[in-house]
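Asker: One structure follows; several queries about it will come next.
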Amino acid sequence: MGEDRALMIEVINLHKYFKDHHVLKGLNQKVYKSEVVAMIGPSGAGKSTFLRCLNRLEEPSLGKILIEGTDITATRTDINKVRTEIGMVFQSFNLFPHLTALQNIKLAPINVRRMSEKDAEERGRQLLKKVGLQEKANAYPDQLSGGQQQRVAIARALAMQPHMIFFDEPTSALDPEMIREVLDVMDNLAKEGMTMLVVSHEIGFIREAATRILVLADGCIIEEGTPNEVLKHPQHSRTQDFLSKIV
Amino acid sequence: MANIKQTPIRESFAKRYRARFGHLPWFKRYECLIPLSIIILLIGFLLLPPLGKPTPLQWLWIGVFLILLILWVVGILTDIEKPRWIRAIAAISFVFVLGFFFYRYSGAQWDKLTTNFFNLSVMEGLWGDLGQGLLMTLKVALVSMCISLVLGLVIAILRSLNNPILNVFLIIYIDFFRAIPLIVLVVFVFYALPFLGIELDPYISAVVAVSLSYAAYVAEVIRAGIESIYRGQVEASRALGLSSMQTMRLVILPQAVRVVIPPTTGLMVGLLKDTALTTIIGLPELLYKGIQNTIWQSNPTPLVAAAVLYIIVLLPLTRFSGYLETRSKKWVKTAR
Ligand SMILES: Nc1ncnc2c1ncn2[C@@H]1O[C@H](COP(=O)(O)OP(=O)(O)O)[C@@H](O)[C@H]1O
Ligand SMILES: [Mg+2]
């Protein structure tokens, strides 16, 4: 699918060990521009580890990872530069508690992109507006609800104008009534053509927004396909089993 | 027909008392505490010896008095249901009695107190000299504070790099300077290093010893602060493309500072106090001046004056560090 589009991520035979615990067992994957790839699978399957290897928050043990053609496992690669092209949104938000919402967003553009204070400020406010929080610019994280914090975290990731964004269970730390506001923001990003890797069990969102689903279990991709294929007609028994538990 | 009302039998006083206070153990009850107060007062007024050295029998009465008094005070203070004023009286009278006993039976010659401890005529012309000493104390303390804070911060940051080889040296430094008594270090720097050809005057020796020693403590406090910052903060920062040094400077240290300031202030108070140890190498600081003038005048009033000056400088600082401590506890509570 989409082979005419730019290849954003290519993973070749990726293995990850924690000591002698084999967590990722030879994953291969290609992600093209503007794809929204949802990853599902039981807890401990290796979904987070997979995402974190892609921007080297975890060191891959074996295999090759190409981000927009750059081999990030090569020693000569400046990983900080690659990371600026990858936004990351965490389950626990991880906003900087000593900075306001706007300062959280401005930090990386100013210090990494060397953007001027004024431009960063302007972009920060635009992004806050985009996630519906323009009036919260000067609020500190502990003055925001979980849903608001996660939206600021998304704005913070967007401020670097990344070419792709990874979401690691962005709504699983949220109270139910706040999940929608975060998913709406993500929905809009998908419609704008952002390349997204999303670990999530929000089936409604996946059905709506995802172009492809990967099912991980025990460090292997046991099944992949369009939402229609995987959600309606799961082939693997473990997928059927897993889906019956979460739907 | 007149209604014959049954008048309820009034509950007896004893019954009501038991309902109100019956759950208390015997030594907290009024029927124990009130007779006890009377016995204590009787012993106090009739059997306790007057000022002077007590005989063994009199010591026995003093002991009995104190034991009963402690029982009485414990009975009152451990019972939060007792009215505040009763507990206040108990606490105050206990402290008062202890002071009074010290005054009466310690054998001290109290008539000499004012002439020897608070003799202002001795102090004439000495305040300036003591002031010089205080300035020297503050100078050594301030310079050592600056050096130890910077050095400690550098060590803590290097330590957080988790470089195994570097860590060996840093840990040796920290352990060595935390294990060696400061007074030994001061003496060593001043009296032993000259044998290697390193001759430092008392002022430099004092600054070197105090700074090196306190840098080790500061490093440990700051490292604990850095390690208390949640791991996700580093990951979020690195994922945005910030380098490890930027992450330290922009994300970790600003948060660690809040955690670290109260214990560091406490350390700095300790540093100021410990400068008194450098008196042993003849540094003319406050304690040294106090001792010297005490010897010259054959009267310890200068020493008392030095002690008072220490307290005047340190009391606000200890209060301040205590205040920071409680405030940071509140902050930590609201932050997470
Ligand atoms: N830092 C780590 N050290 C050791 N083991 C880890 C670490 N991170 C994850 N693991 C292990 O790797 C496996 C996969 O974890 P993870 O990728 O978080 O799973 P998922 O996100 O799919 O729930 C789990 O068994 C987990 O215990
Ligand atoms: Mg996970």
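The way I read the labels, and the way they are meant: chains A, B, ... in the order of the structure tokens, residue 1 as the first residue of every chain, and ligand 1 as the first ligand shown, with later ones counted on from there.
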List as a CSV table (one decimal) with C-alpha atoms, in the first residue's frame the protein and nucleic acid residues lying within 8 Å of ligand 1, with only C-alpha atoms and all ligand atoms counted.

Answerer:
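Resulting contents of pocket.csv:
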```csv
chain,number,residue,atom,x,y,z
A,18,PHE,CA,16.7,-6.5,28.4
A,19,LYS,CA,19.5,-8.6,29.9
A,21,HIS,CA,14.9,-11.2,28.3
A,22,HIS,CA,14.0,-11.3,24.6
A,23,VAL,CA,11.4,-8.6,24.2
A,24,LEU,CA,11.4,-7.8,20.4
A,41,GLY,CA,-1.7,-6.2,21.7
A,42,PRO,CA,-1.6,-7.5,25.3
A,43,SER,CA,0.4,-5.7,28.0
A,44,GLY,CA,4.0,-6.7,27.9
A,45,ALA,CA,3.9,-7.5,24.2
A,46,GLY,CA,6.6,-5.0,23.5
A,47,LYS,CA,4.6,-2.2,22.0
A,48,SER,CA,6.2,0.6,24.1
A,49,THR,CA,9.7,-0.9,23.6
A,50,PHE,CA,9.1,-1.0,19.8
A,58,GLU,CA,15.9,2.3,24.1
A,168,ASP,CA,2.2,5.5,23.5
A,216,LEU,CA,1.9,-7.5,18.6
A,217,ALA,CA,2.2,-10.4,21.0
A,219,GLY,CA,7.6,-9.5,20.7
```

Asker: DSSP says alpha helix (DSSP H) for which residues of stretch 12-236 of chain B? Put them as a PyMOL selection string?

Answerer: chain B and resi 13-21+30-42+56-77+84-105+113-116+120-123+127-160+164-179+182-187+202-227+231-236

Asker: Compute the set of chain B residues within 9 Å of chain A, using only C-alpha atoms, and express it as a ChimeraX atom specification.

Answerer: /B:230,232-243,246,250-251,254-255,334-336

Asker: Determine which residues of stretch 43-231 of chain A DSSP labels as strand (DSSP E or B) from the backbone of this structure, then write them out as a PyMOL selection string.

Answerer: chain A and resi 62-67+70-71+86-89+164-168+195-199+212-217+220-225

Asker: Residues of the last selection are to be written out with C-alpha atoms, as a tab-separated table (two decimals), in the first residue's frame.

Answerer:
```tsv
chain	number	residue	atom	x	y	z
A	62	LEU	CA	20.15	-6.00	16.79
A	63	GLY	CA	18.76	-4.94	13.42
A	64	LYS	CA	18.44	-1.78	11.46
A	65	ILE	CA	16.12	1.20	11.78
A	66	LEU	CA	15.91	3.78	9.00
A	67	ILE	CA	14.10	7.02	9.73
A	70	THR	CA	18.83	7.70	7.94
A	71	ASP	CA	20.16	4.66	9.74
A	86	ILE	CA	9.89	12.57	15.64
A	87	GLY	CA	7.28	13.80	18.09
A	88	MET	CA	6.56	11.59	21.08
A	89	VAL	CA	3.52	11.62	23.32
A	164	MET	CA	5.95	11.88	12.35
A	165	ILE	CA	4.48	11.45	15.82
A	166	PHE	CA	4.48	8.41	18.11
A	167	PHE	CA	1.73	8.05	20.69
A	168	ASP	CA	2.23	5.53	23.50
A	195	THR	CA	2.38	10.19	9.87
A	196	MET	CA	1.40	8.57	13.14
A	197	LEU	CA	2.26	5.45	15.13
A	198	VAL	CA	-0.30	4.97	17.83
A	199	VAL	CA	-0.35	2.42	20.60
A	212	ARG	CA	-3.38	-0.02	9.28
A	213	ILE	CA	-3.32	-2.12	12.41
A	214	LEU	CA	-0.39	-4.10	13.77
A	215	VAL	CA	-1.09	-6.74	16.37
A	216	LEU	CA	1.87	-7.46	18.65
A	217	ALA	CA	2.17	-10.41	20.99
A	220	CYS	CA	6.26	-10.50	17.30
A	221	ILE	CA	3.85	-8.90	14.86
A	222	ILE	CA	1.31	-11.68	14.70
A	223	GLU	CA	-1.12	-9.96	12.38
A	224	GLU	CA	-1.46	-6.82	10.30
A	225	GLY	CA	-4.00	-5.29	7.98
```

Asker: If we count only C-alpha atoms and set the cut-off at 8 Å, which residues sit around stretch 54-71 of chain B, ignoring sequence neighbours fewer than 4 positions away in its own chain? Please answer as an MDAnalysis selection string.

Answerer: chainID B and resid 27 36 40 43:44 47:49 75 94 105

Asker: Next, dump the selected residues to file, keeping only all heavy atoms, as an mmCIF file, in the first residue's frame.

Answerer:
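As written to disk, part06.cif reads:
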```
data_model
loop_
_atom_site.group_PDB
_atom_site.id
_atom_site.type_symbol
_atom_site.label_atom_id
_atom_site.label_comp_id
_atom_site.auth_asym_id
_atom_site.auth_seq_id
_atom_site.Cartn_x
_atom_site.Cartn_y
_atom_site.Cartn_z
ATOM 1 N N PHE B 27 -3.476 6.185 85.444
ATOM 2 C CA PHE B 27 -2.578 7.312 85.730
ATOM 3 C C PHE B 27 -2.972 8.574 84.964
ATOM 4 O O PHE B 27 -2.366 9.611 85.148
ATOM 5 C CB PHE B 27 -1.118 6.931 85.445
ATOM 6 C CG PHE B 27 -0.834 6.623 83.997
ATOM 7 C CD1 PHE B 27 -0.347 7.618 83.140
ATOM 8 C CD2 PHE B 27 -1.074 5.368 83.479
ATOM 9 C CE1 PHE B 27 -0.094 7.340 81.816
ATOM 10 C CE2 PHE B 27 -0.820 5.088 82.142
ATOM 11 C CZ PHE B 27 -0.336 6.063 81.314
ATOM 12 N N LEU B 36 -2.136 13.000 93.530
ATOM 13 C CA LEU B 36 -0.719 13.025 93.180
ATOM 14 C C LEU B 36 -0.189 14.457 93.252
ATOM 15 O O LEU B 36 0.894 14.715 93.785
ATOM 16 C CB LEU B 36 -0.538 12.449 91.767
ATOM 17 C CG LEU B 36 0.892 12.135 91.336
ATOM 18 C CD1 LEU B 36 1.558 11.186 92.322
ATOM 19 C CD2 LEU B 36 0.907 11.524 89.943
ATOM 20 N N ILE B 40 2.830 15.692 95.602
ATOM 21 C CA ILE B 40 4.015 16.359 95.040
ATOM 22 C C ILE B 40 4.233 17.701 95.726
ATOM 23 O O ILE B 40 5.344 18.056 96.130
ATOM 24 C CB ILE B 40 3.841 16.544 93.519
ATOM 25 C CG1 ILE B 40 3.937 15.189 92.815
ATOM 26 C CG2 ILE B 40 4.905 17.490 92.969
ATOM 27 C CD1 ILE B 40 3.583 15.234 91.360
ATOM 28 N N ILE B 43 5.577 17.130 99.333
ATOM 29 C CA ILE B 43 7.008 16.794 99.335
ATOM 30 C C ILE B 43 7.817 18.032 98.992
ATOM 31 O O ILE B 43 8.827 18.349 99.624
ATOM 32 C CB ILE B 43 7.314 15.666 98.330
ATOM 33 C CG1 ILE B 43 6.591 14.386 98.717
ATOM 34 C CG2 ILE B 43 8.822 15.399 98.266
ATOM 35 C CD1 ILE B 43 6.822 13.246 97.754
ATOM 36 N N GLY B 44 7.340 18.747 97.949
ATOM 37 C CA GLY B 44 8.076 19.913 97.469
ATOM 38 C C GLY B 44 8.292 20.933 98.567
ATOM 39 O O GLY B 44 9.390 21.451 98.743
ATOM 40 N N LEU B 47 9.704 18.608 102.347
ATOM 41 C CA LEU B 47 10.817 17.677 102.475
ATOM 42 C C LEU B 47 12.038 18.021 101.637
ATOM 43 O O LEU B 47 13.107 17.474 101.857
ATOM 44 C CB LEU B 47 10.346 16.259 102.102
ATOM 45 C CG LEU B 47 9.347 15.664 103.093
ATOM 46 C CD1 LEU B 47 8.717 14.406 102.526
ATOM 47 C CD2 LEU B 47 10.040 15.356 104.410
ATOM 48 N N LEU B 48 11.889 18.906 100.622
ATOM 49 C CA LEU B 48 13.033 19.192 99.773
ATOM 50 C C LEU B 48 14.010 20.104 100.488
ATOM 51 O O LEU B 48 13.599 21.059 101.154
ATOM 52 C CB LEU B 48 12.590 19.829 98.465
ATOM 53 C CG LEU B 48 11.912 18.881 97.476
ATOM 54 C CD1 LEU B 48 11.615 19.603 96.177
ATOM 55 C CD2 LEU B 48 12.755 17.652 97.222
ATOM 56 N N PRO B 49 15.312 19.810 100.368
ATOM 57 C CA PRO B 49 16.325 20.609 101.058
ATOM 58 C C PRO B 49 16.470 21.982 100.418
ATOM 59 O O PRO B 49 16.141 22.152 99.245
ATOM 60 C CB PRO B 49 17.600 19.783 100.873
ATOM 61 C CG PRO B 49 17.366 19.012 99.613
ATOM 62 C CD PRO B 49 15.901 18.727 99.564
ATOM 63 N N GLY B 75 1.040 11.595 82.754
ATOM 64 C CA GLY B 75 -0.400 11.385 82.840
ATOM 65 C C GLY B 75 -1.186 12.498 82.189
ATOM 66 O O GLY B 75 -2.224 12.275 81.568
ATOM 67 N N PHE B 94 6.995 21.550 84.788
ATOM 68 C CA PHE B 94 8.053 20.531 84.704
ATOM 69 C C PHE B 94 9.387 21.180 84.339
ATOM 70 O O PHE B 94 10.405 20.961 84.993
ATOM 71 C CB PHE B 94 7.663 19.479 83.667
ATOM 72 C CG PHE B 94 8.620 18.323 83.596
ATOM 73 C CD1 PHE B 94 8.780 17.469 84.683
ATOM 74 C CD2 PHE B 94 9.368 18.096 82.457
ATOM 75 C CE1 PHE B 94 9.650 16.399 84.629
ATOM 76 C CE2 PHE B 94 10.253 17.025 82.394
ATOM 77 C CZ PHE B 94 10.390 16.180 83.487
ATOM 78 N N TYR B 105 20.605 22.608 93.406
ATOM 79 C CA TYR B 105 21.396 21.481 93.894
ATOM 80 C C TYR B 105 22.649 21.186 93.068
ATOM 81 O O TYR B 105 23.353 20.236 93.346
ATOM 82 C CB TYR B 105 20.519 20.228 93.948
ATOM 83 C CG TYR B 105 19.247 20.452 94.715
ATOM 84 C CD1 TYR B 105 18.016 20.163 94.157
ATOM 85 C CD2 TYR B 105 19.286 20.980 96.013
ATOM 86 C CE1 TYR B 105 16.847 20.375 94.857
ATOM 87 C CE2 TYR B 105 18.114 21.202 96.714
ATOM 88 C CZ TYR B 105 16.897 20.905 96.142
ATOM 89 O OH TYR B 105 15.757 21.124 96.824
#
```

Asker: Would you mind telling me which residue in A:Asn228, A:Met39, A:Glu68, A:Gly26 lies nearest to ligand 2 when using only C-alpha atoms and all ligand atoms?

Answerer: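 Counting only C-alpha atoms and all ligand atoms, the residue closest to ligand 2 is A:Met39.
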
Asker: Between B:Gly107, B:Gly270, B:Gly322, B:Gly125, which is the closest to B:Gln297 once you count only C-alpha atoms?

Answerer: B:Gly125

Asker: For ligand 2, which residue out of A:Asp241, A:Glu169, A:Glu181, A:Asp218 is the nearest one, using only C-alpha atoms and all ligand atoms?

Answerer: A:Glu169

Asker: Find the residues around B:Thr264 up to 9 Å (only C-alpha atoms counted), leave out those fewer than 4 positions away in its own chain, and share them as a list in words.

Answerer: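 In the requested format, the answer is Leu149, Tyr217, Val218, Val221, Ile222, Val260, Met268, Val269 and Ser321 of chain B.
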
Asker: Only C-alpha atoms, please: the residues just picked out, written as a PDB file, in the first residue's frame.

Answerer:
```pdb
ATOM      1  CA  LEU B 149      28.355  24.709  46.352  1.00  0.00           C
ATOM      2  CA  TYR B 217      28.035  16.642  51.427  1.00  0.00           C
ATOM      3  CA  VAL B 218      26.623  19.130  48.928  1.00  0.00           C
ATOM      4  CA  VAL B 221      22.419  16.196  48.534  1.00  0.00           C
ATOM      5  CA  ILE B 222      22.283  17.480  44.962  1.00  0.00           C
ATOM      6  CA  VAL B 260      17.610  20.521  47.144  1.00  0.00           C
ATOM      7  CA  MET B 268      25.350  25.757  55.003  1.00  0.00           C
ATOM      8  CA  VAL B 269      24.226  26.477  58.562  1.00  0.00           C
ATOM      9  CA  SER B 321      16.122  26.606  56.763  1.00  0.00           C
TER      10      SER B 321
END
```

Asker: Just give me the gap between atom CA of B:Trp127 and atom CA of B:Leu182 in Å, one decimal is fine.

Answerer: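 Atom CA of B:Leu182 lies at a distance of 28.9 Å from atom CA of B:Trp127.
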
Asker: Choose the residue, out of A:Ile154, A:Ile9, A:Leu27, A:Ala173, that has the smallest atom-to-atom separation from ligand 2; count only C-alpha atoms and all ligand atoms.

Answerer: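 Residue with the minimum atom-to-atom distance to ligand 2: A:Ala173.
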